[in-house]
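The file data_17.cif contains mmCIF, C-alpha atoms:
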data_data
#
loop_
_atom_site.group_PDB
_atom_site.id
_atom_site.type_symbol
_atom_site.label_atom_id
_atom_site.label_comp_id
_atom_site.auth_asym_id
_atom_site.auth_seq_id
_atom_site.Cartn_x
_atom_site.Cartn_y
_atom_site.Cartn_z
ATOM 1 C CA MET Y 1 0.000 0.000 0.000
ATOM 2 C CA THR Y 2 1.380 3.420 -0.971
ATOM 3 C CA GLN Y 3 1.886 5.695 1.995
ATOM 4 C CA GLN Y 4 0.040 8.988 1.634
ATOM 5 C CA ILE Y 5 2.014 11.994 2.783
ATOM 6 C CA VAL Y 6 -0.016 14.778 4.376
ATOM 7 C CA PHE Y 7 1.585 18.205 4.610
ATOM 8 C CA THR Y 8 0.346 20.443 7.388
ATOM 9 C CA PRO Y 9 1.291 24.082 6.741
ATOM 10 C CA ARG Y 10 2.027 26.332 9.680
ATOM 11 C CA ALA Y 11 1.106 29.561 7.870
ATOM 12 C CA SER Y 12 -0.751 30.648 4.761
ATOM 13 C CA THR Y 13 2.256 32.417 3.228
ATOM 14 C CA PRO Y 14 5.989 31.668 3.520
ATOM 15 C CA SER Y 15 8.356 33.861 5.455
ATOM 16 C CA PHE Y 16 11.389 35.515 3.898
ATOM 17 C CA SER Y 17 13.689 33.087 5.717
ATOM 18 C CA SER Y 18 11.831 30.019 4.438
ATOM 19 C CA THR Y 19 11.855 31.415 0.893
ATOM 20 C CA LEU Y 20 15.596 31.995 1.110
ATOM 21 C CA GLU Y 21 16.040 28.472 2.470
ATOM 22 C CA LEU Y 22 14.120 27.105 -0.521
ATOM 23 C CA LEU Y 23 16.391 28.962 -2.961
ATOM 24 C CA LYS Y 24 19.543 27.658 -1.161
ATOM 25 C CA PRO Y 25 22.072 30.526 -1.439
ATOM 26 C CA ILE Y 26 24.983 28.144 -0.759
ATOM 27 C CA THR Y 27 24.399 26.575 -4.192
ATOM 28 C CA TRP Y 28 24.743 29.903 -5.981
ATOM 29 C CA PHE Y 29 28.527 29.974 -5.594
ATOM 30 C CA ALA Y 30 29.320 27.588 -8.467
ATOM 31 C CA PRO Y 31 27.375 29.418 -11.208
ATOM 32 C CA MET Y 32 28.453 32.813 -9.871
ATOM 33 C CA TRP Y 33 32.104 31.687 -9.951
ATOM 34 C CA ALA Y 34 31.618 30.488 -13.527
ATOM 35 C CA PHE Y 35 30.010 33.837 -14.308
ATOM 36 C CA GLY Y 36 33.063 35.602 -12.915
ATOM 37 C CA CYS Y 37 35.298 33.457 -15.113
ATOM 38 C CA GLY Y 38 33.151 34.406 -18.077
ATOM 39 C CA VAL Y 39 33.549 38.112 -17.362
ATOM 40 C CA VAL Y 40 37.323 37.693 -17.070
ATOM 41 C CA SER Y 41 37.548 35.605 -20.249
ATOM 42 C CA SER Y 42 35.626 38.202 -22.253
ATOM 43 C CA GLY Y 43 38.538 40.632 -21.973
ATOM 44 C CA ALA Y 44 35.991 43.439 -22.069
ATOM 45 C CA ALA Y 45 36.192 46.683 -20.123
ATOM 46 C CA VAL Y 46 32.979 46.452 -18.161
ATOM 47 C CA GLY Y 47 33.053 49.945 -16.669
ATOM 48 C CA ASP Y 48 30.165 51.180 -18.813
ATOM 49 C CA ARG Y 49 28.384 47.800 -18.744
ATOM 50 C CA TRP Y 50 28.438 47.161 -15.009
ATOM 51 C CA PRO Y 51 24.608 47.128 -14.739
ATOM 52 C CA TYR Y 52 24.591 44.230 -17.201
ATOM 53 C CA VAL Y 53 27.297 42.407 -15.257
ATOM 54 C CA VAL Y 54 25.418 42.866 -11.970
ATOM 55 C CA GLY Y 55 22.209 41.727 -13.654
ATOM 56 C CA GLY Y 56 24.030 38.695 -14.988
ATOM 57 C CA ILE Y 57 25.348 37.778 -11.536
ATOM 58 C CA LEU Y 58 21.805 37.924 -10.174
ATOM 59 C CA LEU Y 59 20.619 35.862 -13.131
ATOM 60 C CA ALA Y 60 23.244 33.155 -12.603
ATOM 61 C CA GLY Y 61 22.815 32.895 -8.830
ATOM 62 C CA PRO Y 62 19.510 33.688 -7.118
ATOM 63 C CA LEU Y 63 17.406 33.609 -10.284
ATOM 64 C CA VAL Y 64 18.290 30.613 -12.494
ATOM 65 C CA CYS Y 65 20.127 28.584 -9.836
ATOM 66 C CA GLY Y 66 17.525 29.527 -7.231
ATOM 67 C CA THR Y 67 14.796 28.416 -9.622
ATOM 68 C CA SER Y 68 16.460 25.036 -10.071
ATOM 69 C CA GLN Y 69 16.547 24.555 -6.289
ATOM 70 C CA ALA Y 70 12.873 25.483 -5.864
ATOM 71 C CA VAL Y 71 11.810 23.179 -8.708
ATOM 72 C CA ASN Y 72 13.863 20.325 -7.285
ATOM 73 C CA ASP Y 73 12.455 20.683 -3.767
ATOM 74 C CA TRP Y 74 8.880 20.914 -5.018
ATOM 75 C CA TYR Y 75 9.027 17.744 -7.083
ATOM 76 C CA ASP Y 76 10.979 15.897 -4.379
ATOM 77 C CA ARG Y 77 8.668 16.953 -1.558
ATOM 78 C CA GLU Y 78 7.142 13.504 -0.942
ATOM 79 C CA VAL Y 79 10.524 11.773 -0.932
ATOM 80 C CA ASP Y 80 11.926 14.502 1.325
ATOM 81 C CA ALA Y 81 9.004 13.984 3.722
ATOM 82 C CA ILE Y 82 10.405 10.502 4.337
ATOM 83 C CA ASN Y 83 14.162 11.063 4.050
ATOM 84 C CA GLU Y 84 14.588 14.730 5.070
ATOM 85 C CA PRO Y 85 11.399 15.895 6.833
ATOM 86 C CA GLY Y 86 13.176 18.962 8.164
ATOM 87 C CA ARG Y 87 13.384 20.514 4.713
ATOM 88 C CA VAL Y 88 11.375 23.657 4.176
ATOM 89 C CA ILE Y 89 8.460 22.139 2.182
ATOM 90 C CA PRO Y 90 7.744 18.895 4.082
ATOM 91 C CA SER Y 91 8.212 20.662 7.413
ATOM 92 C CA GLY Y 92 5.351 23.012 6.556
ATOM 93 C CA ARG Y 93 7.456 26.171 6.691
ATOM 94 C CA MET Y 94 6.741 26.549 2.952
ATOM 95 C CA PRO Y 95 2.946 26.118 2.993
ATOM 96 C CA GLY Y 96 0.559 24.876 0.326
ATOM 97 C CA ASN Y 97 1.869 25.123 -3.225
ATOM 98 C CA TRP Y 98 4.078 28.128 -2.551
ATOM 99 C CA GLY Y 99 7.156 26.111 -3.531
ATOM 100 C CA LEU Y 100 5.746 25.735 -7.046
ATOM 101 C CA ARG Y 101 4.596 29.365 -7.133
ATOM 102 C CA ILE Y 102 8.085 30.590 -6.248
ATOM 103 C CA ALA Y 103 9.645 28.328 -8.886
ATOM 104 C CA ILE Y 104 7.301 29.701 -11.558
ATOM 105 C CA GLY Y 105 7.712 33.299 -10.386
ATOM 106 C CA ASN Y 106 11.499 33.006 -10.370
ATOM 107 C CA THR Y 107 11.376 31.538 -13.873
ATOM 108 C CA VAL Y 108 9.387 34.500 -15.186
ATOM 109 C CA LEU Y 109 11.657 36.996 -13.424
ATOM 110 C CA SER Y 110 14.738 35.206 -14.807
ATOM 111 C CA LEU Y 111 13.389 35.508 -18.365
ATOM 112 C CA PHE Y 112 12.615 39.191 -17.860
ATOM 113 C CA VAL Y 113 16.141 39.971 -16.606
ATOM 114 C CA ALA Y 114 17.729 37.834 -19.338
ATOM 115 C CA PHE Y 115 15.717 39.623 -22.047
ATOM 116 C CA TRP Y 116 16.994 42.951 -20.732
ATOM 117 C CA LEU Y 117 20.577 41.653 -20.884
ATOM 118 C CA GLY Y 118 20.414 40.863 -24.595
ATOM 119 C CA ALA Y 119 19.574 38.193 -27.138
ATOM 120 C CA TRP Y 120 22.506 35.849 -26.450
ATOM 121 C CA VAL Y 121 21.925 35.983 -22.698
ATOM 122 C CA PHE Y 122 18.196 35.439 -23.227
ATOM 123 C CA GLY Y 123 18.877 32.337 -25.307
ATOM 124 C CA ALA Y 124 21.288 30.950 -22.713
ATOM 125 C CA ALA Y 125 18.774 31.628 -19.928
ATOM 126 C CA ILE Y 126 16.026 29.784 -21.810
ATOM 127 C CA ALA Y 127 18.348 26.781 -22.156
ATOM 128 C CA GLY Y 128 19.354 26.911 -18.495
ATOM 129 C CA LEU Y 129 15.784 27.203 -17.230
ATOM 130 C CA ALA Y 130 14.613 24.414 -19.516
ATOM 131 C CA LEU Y 131 17.313 22.149 -18.092
ATOM 132 C CA ALA Y 132 16.447 23.216 -14.535
ATOM 133 C CA TRP Y 133 12.837 22.147 -15.005
ATOM 134 C CA ALA Y 134 13.688 19.023 -17.012
ATOM 135 C CA TYR Y 135 16.136 17.902 -14.304
ATOM 136 C CA SER Y 136 13.461 17.632 -11.619
ATOM 137 C CA ALA Y 137 10.011 17.818 -13.174
ATOM 138 C CA PRO Y 138 8.108 15.065 -14.974
ATOM 139 C CA PRO Y 139 8.002 13.770 -17.614
ATOM 140 C CA PHE Y 140 11.759 14.137 -18.112
ATOM 141 C CA ARG Y 141 13.136 13.918 -14.522
ATOM 142 C CA LEU Y 142 16.720 13.897 -15.800
ATOM 143 C CA LYS Y 143 17.909 13.406 -12.224
ATOM 144 C CA ARG Y 144 16.792 9.779 -12.481
ATOM 145 C CA SER Y 145 19.711 9.206 -14.889
ATOM 146 C CA GLY Y 146 23.304 9.192 -13.727
ATOM 147 C CA TRP Y 147 24.333 10.263 -17.222
ATOM 148 C CA TRP Y 148 21.856 12.981 -18.184
ATOM 149 C CA GLY Y 149 21.304 14.437 -14.700
ATOM 150 C CA PRO Y 150 24.894 15.408 -13.838
ATOM 151 C CA GLY Y 151 25.384 16.596 -17.412
ATOM 152 C CA ALA Y 152 22.419 18.959 -17.145
ATOM 153 C CA VAL Y 153 23.615 20.323 -13.797
ATOM 154 C CA GLY Y 154 27.199 20.714 -15.029
ATOM 155 C CA LEU Y 155 26.013 22.720 -18.026
ATOM 156 C CA CYS Y 156 23.741 24.908 -15.862
ATOM 157 C CA TYR Y 157 26.376 25.492 -13.186
ATOM 158 C CA GLU Y 158 29.465 26.019 -15.351
ATOM 159 C CA GLY Y 159 28.977 26.374 -19.103
ATOM 160 C CA LEU Y 160 25.866 28.517 -19.401
ATOM 161 C CA PRO Y 161 26.863 31.038 -16.672
ATOM 162 C CA TRP Y 162 30.309 31.370 -18.283
ATOM 163 C CA PHE Y 163 28.779 32.013 -21.708
ATOM 164 C CA THR Y 164 26.136 34.311 -20.221
ATOM 165 C CA ALA Y 165 28.762 36.433 -18.479
ATOM 166 C CA ALA Y 166 30.895 36.842 -21.574
ATOM 167 C CA ALA Y 167 27.838 37.732 -23.642
ATOM 168 C CA ALA Y 168 26.646 40.257 -21.036
ATOM 169 C CA ALA Y 169 30.115 41.825 -20.788
ATOM 170 C CA THR Y 170 30.596 42.158 -24.548
ATOM 171 C CA GLY Y 171 27.012 42.732 -25.626
ATOM 172 C CA GLY Y 172 27.106 39.934 -28.203
ATOM 173 C CA PHE Y 173 28.472 36.520 -29.097
ATOM 174 C CA PRO Y 174 31.723 36.282 -27.101
ATOM 175 C CA GLY Y 175 33.749 34.084 -29.481
ATOM 176 C CA TRP Y 176 34.420 30.380 -29.959
ATOM 177 C CA PRO Y 177 37.432 30.091 -27.596
ATOM 178 C CA ILE Y 178 35.119 31.045 -24.733
ATOM 179 C CA VAL Y 179 32.499 28.569 -25.921
ATOM 180 C CA TRP Y 180 35.051 25.735 -26.024
ATOM 181 C CA LEU Y 181 36.299 26.475 -22.508
ATOM 182 C CA ALA Y 182 32.757 26.690 -21.157
ATOM 183 C CA LEU Y 183 31.845 23.344 -22.723
ATOM 184 C CA LEU Y 184 34.986 21.577 -21.499
ATOM 185 C CA TYR Y 185 34.543 22.717 -17.926
ATOM 186 C CA SER Y 186 30.867 21.750 -18.115
ATOM 187 C CA LEU Y 187 31.943 18.224 -19.042
ATOM 188 C CA GLY Y 188 34.389 18.169 -16.154
ATOM 189 C CA ALA Y 189 31.617 19.268 -13.804
ATOM 190 C CA HIS Y 190 29.742 16.064 -14.703
ATOM 191 C CA GLY Y 191 32.298 14.241 -12.566
ATOM 192 C CA ILE Y 192 31.868 16.714 -9.715
ATOM 193 C CA MET Y 193 28.103 16.191 -9.765
ATOM 194 C CA THR Y 194 28.619 12.412 -9.665
ATOM 195 C CA LEU Y 195 30.621 12.813 -6.452
ATOM 196 C CA ASN Y 196 27.539 14.360 -4.849
ATOM 197 C CA ASP Y 197 25.635 11.107 -5.447
ATOM 198 C CA PHE Y 198 27.847 8.987 -3.191
ATOM 199 C CA LYS Y 199 26.119 10.251 -0.049
ATOM 200 C CA SER Y 200 22.770 8.773 -1.135
ATOM 201 C CA VAL Y 201 23.626 5.515 -2.895
ATOM 202 C CA GLU Y 202 21.340 3.286 -0.850
ATOM 203 C CA GLY Y 203 18.466 5.743 -1.011
ATOM 204 C CA ASP Y 204 18.865 6.060 -4.793
ATOM 205 C CA ARG Y 205 18.710 2.304 -5.184
ATOM 206 C CA GLN Y 206 15.564 2.081 -3.057
ATOM 207 C CA MET Y 207 13.844 4.934 -4.914
ATOM 208 C CA GLY Y 208 14.858 3.695 -8.366
ATOM 209 C CA LEU Y 209 17.159 6.629 -9.138
ATOM 210 C CA ALA Y 210 19.841 5.443 -11.542
ATOM 211 C CA SER Y 211 22.749 7.538 -10.290
ATOM 212 C CA LEU Y 212 26.123 6.299 -11.473
ATOM 213 C CA PRO Y 213 27.135 4.958 -8.028
ATOM 214 C CA ALA Y 214 23.825 3.066 -7.901
ATOM 215 C CA GLN Y 215 24.251 1.745 -11.466
ATOM 216 C CA LEU Y 216 27.961 1.004 -11.671
ATOM 217 C CA GLY Y 217 28.844 0.418 -8.053
ATOM 218 C CA ILE Y 218 30.767 2.794 -5.827
ATOM 219 C CA ASP Y 219 34.309 1.963 -6.960
ATOM 220 C CA ARG Y 220 33.648 2.064 -10.705
ATOM 221 C CA ALA Y 221 31.596 5.246 -10.424
ATOM 222 C CA ALA Y 222 34.352 6.960 -8.428
ATOM 223 C CA ARG Y 223 36.984 6.056 -11.015
ATOM 224 C CA LEU Y 224 34.726 7.265 -13.807
ATOM 225 C CA ALA Y 225 34.081 10.555 -11.986
ATOM 226 C CA CYS Y 226 37.828 11.152 -11.645
ATOM 227 C CA PHE Y 227 38.368 10.404 -15.338
ATOM 228 C CA VAL Y 228 35.500 12.673 -16.404
ATOM 229 C CA MET Y 229 36.904 15.514 -14.301
ATOM 230 C CA ALA Y 230 40.457 15.121 -15.603
ATOM 231 C CA LEU Y 231 39.980 14.519 -19.329
ATOM 232 C CA PRO Y 232 38.355 17.887 -20.204
ATOM 233 C CA GLN Y 233 41.097 19.710 -18.299
ATOM 234 C CA MET Y 234 43.644 17.939 -20.498
ATOM 235 C CA GLY Y 235 41.674 19.308 -23.432
ATOM 236 C CA VAL Y 236 41.926 22.797 -21.924
ATOM 237 C CA VAL Y 237 45.704 22.418 -21.673
ATOM 238 C CA VAL Y 238 45.902 21.426 -25.344
ATOM 239 C CA LEU Y 239 43.825 24.442 -26.381
ATOM 240 C CA LEU Y 240 45.872 26.853 -24.268
ATOM 241 C CA LEU Y 241 49.062 25.588 -25.856
ATOM 242 C CA ALA Y 242 47.535 25.856 -29.329
ATOM 243 C CA TRP Y 243 46.453 29.439 -28.606
ATOM 244 C CA GLY Y 244 49.959 30.385 -27.431
ATOM 245 C CA PHE Y 245 49.555 30.473 -23.640
ATOM 246 C CA PRO Y 246 52.122 27.978 -22.283
ATOM 247 C CA LEU Y 247 52.353 29.577 -18.821
ATOM 248 C CA HIS Y 248 48.609 29.373 -18.285
ATOM 249 C CA ALA Y 249 48.688 25.804 -19.567
ATOM 250 C CA ILE Y 250 51.376 24.974 -17.000
ATOM 251 C CA VAL Y 251 49.211 26.440 -14.226
ATOM 252 C CA VAL Y 252 46.293 24.233 -15.276
ATOM 253 C CA VAL Y 253 48.628 21.200 -15.411
ATOM 254 C CA ILE Y 254 49.869 21.941 -11.874
ATOM 255 C CA LEU Y 255 46.303 22.270 -10.599
ATOM 256 C CA LEU Y 256 45.286 19.063 -12.382
ATOM 257 C CA THR Y 257 48.303 17.307 -10.854
ATOM 258 C CA GLY Y 258 47.125 18.417 -7.430
ATOM 259 C CA GLN Y 259 43.701 16.913 -8.134
ATOM 260 C CA THR Y 260 45.316 13.690 -9.296
ATOM 261 C CA LEU Y 261 47.334 13.443 -6.084
ATOM 262 C CA CYS Y 262 44.084 13.777 -4.093
ATOM 263 C CA MET Y 263 42.296 11.073 -6.080
ATOM 264 C CA PRO Y 264 43.878 7.972 -4.420
ATOM 265 C CA ARG Y 265 42.427 9.003 -1.063
ATOM 266 C CA LEU Y 266 39.023 9.533 -2.659
ATOM 267 C CA LEU Y 267 39.155 6.131 -4.345
ATOM 268 C CA ARG Y 268 39.991 4.347 -1.074
ATOM 269 C CA ASP Y 269 36.536 5.164 0.288
ATOM 270 C CA PRO Y 270 34.420 7.340 -2.076
ATOM 271 C CA GLN Y 271 31.462 7.571 0.276
ATOM 272 C CA ARG Y 272 33.646 8.796 3.110
ATOM 273 C CA PHE Y 273 35.952 11.098 1.151
ATOM 274 C CA ALA Y 274 33.676 12.531 -1.582
ATOM 275 C CA ALA Y 275 32.932 15.622 0.538
ATOM 276 C CA TRP Y 276 36.648 15.985 1.315
ATOM 277 C CA TYR Y 277 37.504 15.818 -2.382
ATOM 278 C CA ASN Y 278 34.868 18.430 -3.170
ATOM 279 C CA ALA Y 279 36.667 20.740 -0.740
ATOM 280 C CA THR Y 280 40.140 20.016 -2.145
ATOM 281 C CA GLY Y 281 40.158 18.634 -5.697
ATOM 282 C CA THR Y 282 37.151 20.650 -6.811
ATOM 283 C CA THR Y 283 38.753 23.842 -5.479
ATOM 284 C CA LEU Y 284 41.762 23.162 -7.702
ATOM 285 C CA PHE Y 285 39.382 22.483 -10.603
ATOM 286 C CA VAL Y 286 37.682 25.883 -10.330
ATOM 287 C CA LEU Y 287 41.028 27.677 -9.913
ATOM 288 C CA GLY Y 288 41.990 26.151 -13.258
ATOM 289 C CA MET Y 289 38.844 27.692 -14.725
ATOM 290 C CA LEU Y 290 40.030 31.128 -13.629
ATOM 291 C CA ALA Y 291 43.561 30.578 -14.945
ATOM 292 C CA SER Y 292 42.255 29.592 -18.379
ATOM 293 C CA ALA Y 293 39.839 32.535 -18.347
ATOM 294 C CA PHE Y 294 42.735 34.965 -17.938
ATOM 295 C CA ALA Y 295 44.456 33.388 -20.947
ATOM 296 C CA VAL Y 296 41.421 33.535 -23.201
ATOM 297 C CA ALA Y 297 40.818 37.196 -22.299
ATOM 298 C CA ALA Y 298 43.509 38.074 -24.836
ATOM 299 C CA LEU Y 299 41.616 36.186 -27.536
ATOM 300 C CA GLN Y 300 38.454 38.298 -27.265
ATOM 301 C CA GLY Y 301 36.778 38.375 -30.616
ATOM 302 C CA VAL Y 302 38.687 35.444 -32.143
ATOM 303 C CA GLY Y 303 36.311 33.239 -34.106
ATOM 304 C CA ALA Y 304 33.333 35.503 -33.396
#

If you convert what's in this file into structure tokens, what do you get?
Amino acid sequence: MTQQIVFTPRASTPSFSSTLELLKPITWFAPMWAFGCGVVSSGAAVGDRWPYVVGGILLAGPLVCGTSQAVNDWYDREVDAINEPGRVIPSGRMPGNWGLRIAIGNTVLSLFVAFWLGAWVFGAAIAGLALAWAYSAPPFRLKRSGWWGPGAVGLCYEGLPWFTAAAAATGGFPGWPIVWLALLYSLGAHGIMTLNDFKSVEGDRQMGLASLPAQLGIDRAARLACFVMALPQMGVVVLLLAWGFPLHAIVVVILLTGQTLCMPRLLRDPQRFAAWYNATGTTLFVLGMLASAFAVAALQGVGA
């Protein structure tokens, strides 16, 4: 017999604190960092375009990323009522269907801000919002797949904010070198997102979520995540050398070497050390993003 979950709201409207909790500000860092890398990589003087840059930061963080968090919590509310009843929706601190209302409202506001920022930003925002909804909402529920889910999140958290920032800073298409970097680091982020699945392997298996650790087993999934993180960075090194930036390429190699030295500890016990690796190896990963962004800044306009 299917257990029916009854939500008992404590108020008719959500408080500011519960709304902020739903939007999860801690998750905004990754897309906002990628946005910063995009601004740097554009090579543009943003003095007269600072309103667009500020608007883009808001778009990447509280708007698009916040929307993805609200959508995810709304469509996971029944599962969370069992596994994490303290979350803002199942606890009743986000009453009625306000979680869905906020997700829809944030989507509309995101599109409005993106339209103001220009055609390229608007197109990127549409793609990011579509992925945010498809990740959590039926009928797609990309999060049920260990392949499509992390890929969608990686693109939303790294590639699209990077492209959006460069487009907002330049007022147009930022150039193919920026696009290639954004795509490569999005692919690498697939591995980072897989690491987040190690904390819920048993729950994923019970709920039928085909995360890579649940599908492949913990050891194989951990090795694959390491490979997926490292290979795109090797591609970045090749591109930096081809574009004539050997010093920046060396920096990325050093940072990748640091990640590689951290990987044996991760592989000894992925469930125990995944969070540790996110604090060490992933930090080196995002520093490599910034190093490559500084290199590509000199190529502004190439291939546009």

Test item: the PyMOL selection byres ((chain Y and resi 255) around 12) resolved as an mmCIF file with C-alpha atoms, keeping the file's coordinate frame:
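What landed in result_18.cif:
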data_model
loop_
_atom_site.group_PDB
_atom_site.id
_atom_site.type_symbol
_atom_site.label_atom_id
_atom_site.label_comp_id
_atom_site.auth_asym_id
_atom_site.auth_seq_id
_atom_site.Cartn_x
_atom_site.Cartn_y
_atom_site.Cartn_z
ATOM 1 C CA ALA Y 230 40.457 15.121 -15.603
ATOM 2 C CA GLN Y 233 41.097 19.710 -18.299
ATOM 3 C CA MET Y 234 43.644 17.939 -20.498
ATOM 4 C CA VAL Y 237 45.704 22.418 -21.673
ATOM 5 C CA HIS Y 248 48.609 29.373 -18.285
ATOM 6 C CA ALA Y 249 48.688 25.804 -19.567
ATOM 7 C CA ILE Y 250 51.376 24.974 -17.000
ATOM 8 C CA VAL Y 251 49.211 26.440 -14.226
ATOM 9 C CA VAL Y 252 46.293 24.233 -15.276
ATOM 10 C CA VAL Y 253 48.628 21.200 -15.411
ATOM 11 C CA ILE Y 254 49.869 21.941 -11.874
ATOM 12 C CA LEU Y 256 45.286 19.063 -12.382
ATOM 13 C CA THR Y 257 48.303 17.307 -10.854
ATOM 14 C CA GLY Y 258 47.125 18.417 -7.430
ATOM 15 C CA GLN Y 259 43.701 16.913 -8.134
ATOM 16 C CA THR Y 260 45.316 13.690 -9.296
ATOM 17 C CA LEU Y 261 47.334 13.443 -6.084
ATOM 18 C CA CYS Y 262 44.084 13.777 -4.093
ATOM 19 C CA THR Y 280 40.140 20.016 -2.145
ATOM 20 C CA GLY Y 281 40.158 18.634 -5.697
ATOM 21 C CA THR Y 282 37.151 20.650 -6.811
ATOM 22 C CA THR Y 283 38.753 23.842 -5.479
ATOM 23 C CA LEU Y 284 41.762 23.162 -7.702
ATOM 24 C CA PHE Y 285 39.382 22.483 -10.603
ATOM 25 C CA VAL Y 286 37.682 25.883 -10.330
ATOM 26 C CA LEU Y 287 41.028 27.677 -9.913
ATOM 27 C CA GLY Y 288 41.990 26.151 -13.258
ATOM 28 C CA MET Y 289 38.844 27.692 -14.725
ATOM 29 C CA LEU Y 290 40.030 31.128 -13.629
ATOM 30 C CA ALA Y 291 43.561 30.578 -14.945
ATOM 31 C CA SER Y 292 42.255 29.592 -18.379
#

Determine, counting all atoms listed in the file, which protein, DNA and RNA residues have an atom within 9 Å of an atom of segment 25-28 of chain Y; residues of the same chain fewer than 5 positions away are not included. Present the result as a ChimeraX atom specification.
-> /Y:20,33,60-62,65-66,69,157

Find the residues near Val153 of chain Y: any atom within 8 Å, counting all atoms listed in the file, skip ones fewer than 3 places away on the same chain, and give them as an mmCIF file with C-alpha atoms, in the coordinates of the input.
data_model
loop_
_atom_site.group_PDB
_atom_site.id
_atom_site.type_symbol
_atom_site.label_atom_id
_atom_site.label_comp_id
_atom_site.auth_asym_id
_atom_site.auth_seq_id
_atom_site.Cartn_x
_atom_site.Cartn_y
_atom_site.Cartn_z
ATOM 1 C CA LEU Y 131 17.313 22.149 -18.092
ATOM 2 C CA ALA Y 132 16.447 23.216 -14.535
ATOM 3 C CA TYR Y 135 16.136 17.902 -14.304
ATOM 4 C CA GLY Y 149 21.304 14.437 -14.700
ATOM 5 C CA PRO Y 150 24.894 15.408 -13.838
ATOM 6 C CA CYS Y 156 23.741 24.908 -15.862
ATOM 7 C CA TYR Y 157 26.376 25.492 -13.186
ATOM 8 C CA HIS Y 190 29.742 16.064 -14.703
ATOM 9 C CA MET Y 193 28.103 16.191 -9.765
#

Given the PyMOL selection byres ((chain Y and resi 104) around 12), the residues it picks as a PyMOL selection string | chain Y and resi 63-64+66-71+74+97-103+105-111+129+132-133

Using all atoms listed in the file, what does the table of segment 54-110 of chain Y residues within 10 Å of segment 116-123 of chain Y look like, with each row giving the shortest atom pair and its distance in Å to one decimal, sorted by chain and ascending number, as a tab-separated table?
residue	atom	partner	partner_atom	distance
Y:Gly55	CA	Y:Leu117	CA	7.4
Y:Gly56	CA	Y:Leu117	CA	7.4
Y:Leu59	CA	Y:Val121	CA	9.7
Y:Ser110	CA	Y:Phe122	CA	9.1

Excluding same-chain residues fewer than 5 positions from Trp162 of chain Y, what lies within 9 Å of it counting only C-alpha atoms, as a PDB file with C-alpha atoms, in the coordinates of the input?
ATOM      1  CA  PRO Y  31      27.375  29.418 -11.208  1.00  0.00           C
ATOM      2  CA  MET Y  32      28.453  32.813  -9.871  1.00  0.00           C
ATOM      3  CA  TRP Y  33      32.104  31.687  -9.951  1.00  0.00           C
ATOM      4  CA  ALA Y  34      31.618  30.488 -13.527  1.00  0.00           C
ATOM      5  CA  PHE Y  35      30.010  33.837 -14.308  1.00  0.00           C
ATOM      6  CA  GLY Y  36      33.063  35.602 -12.915  1.00  0.00           C
ATOM      7  CA  CYS Y  37      35.298  33.457 -15.113  1.00  0.00           C
ATOM      8  CA  GLY Y  38      33.151  34.406 -18.077  1.00  0.00           C
ATOM      9  CA  VAL Y  39      33.549  38.112 -17.362  1.00  0.00           C
ATOM     10  CA  SER Y  41      37.548  35.605 -20.249  1.00  0.00           C
ATOM     11  CA  TYR Y 157      26.376  25.492 -13.186  1.00  0.00           C
ATOM     12  CA  ALA Y 167      27.838  37.732 -23.642  1.00  0.00           C
ATOM     13  CA  ILE Y 178      35.119  31.045 -24.733  1.00  0.00           C
ATOM     14  CA  VAL Y 179      32.499  28.569 -25.921  1.00  0.00           C
ATOM     15  CA  LEU Y 181      36.299  26.475 -22.508  1.00  0.00           C
ATOM     16  CA  ALA Y 182      32.757  26.690 -21.157  1.00  0.00           C
TER      17      ALA Y 182
END

Which one is closest to Gly235 of chain Y: Y:Gly154, Y:Pro270, Y:Gly188, Y:Pro213? Count only C-alpha atoms.
->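 Of Y:Gly154, Y:Pro270, Y:Gly188, Y:Pro213, the one nearest Gly235 of chain Y, counting only C-alpha atoms, is Y:Gly188.
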
Could you tell me which of Y:Trp147, Y:Phe173, Y:Phe273, Y:Trp180 comes closest to Leu224 of chain Y if we count all atoms listed in the file?
->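 Among the listed residues, Y:Trp147 lies closest to Leu224 of chain Y.
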
Please evaluate the PyMOL selection byres ((chain Y and resi 197) around 9) against the structure above and give the resulting residues as a PyMOL selection string.
-> chain Y and resi 146+193-196+198-201+204+211-214+271
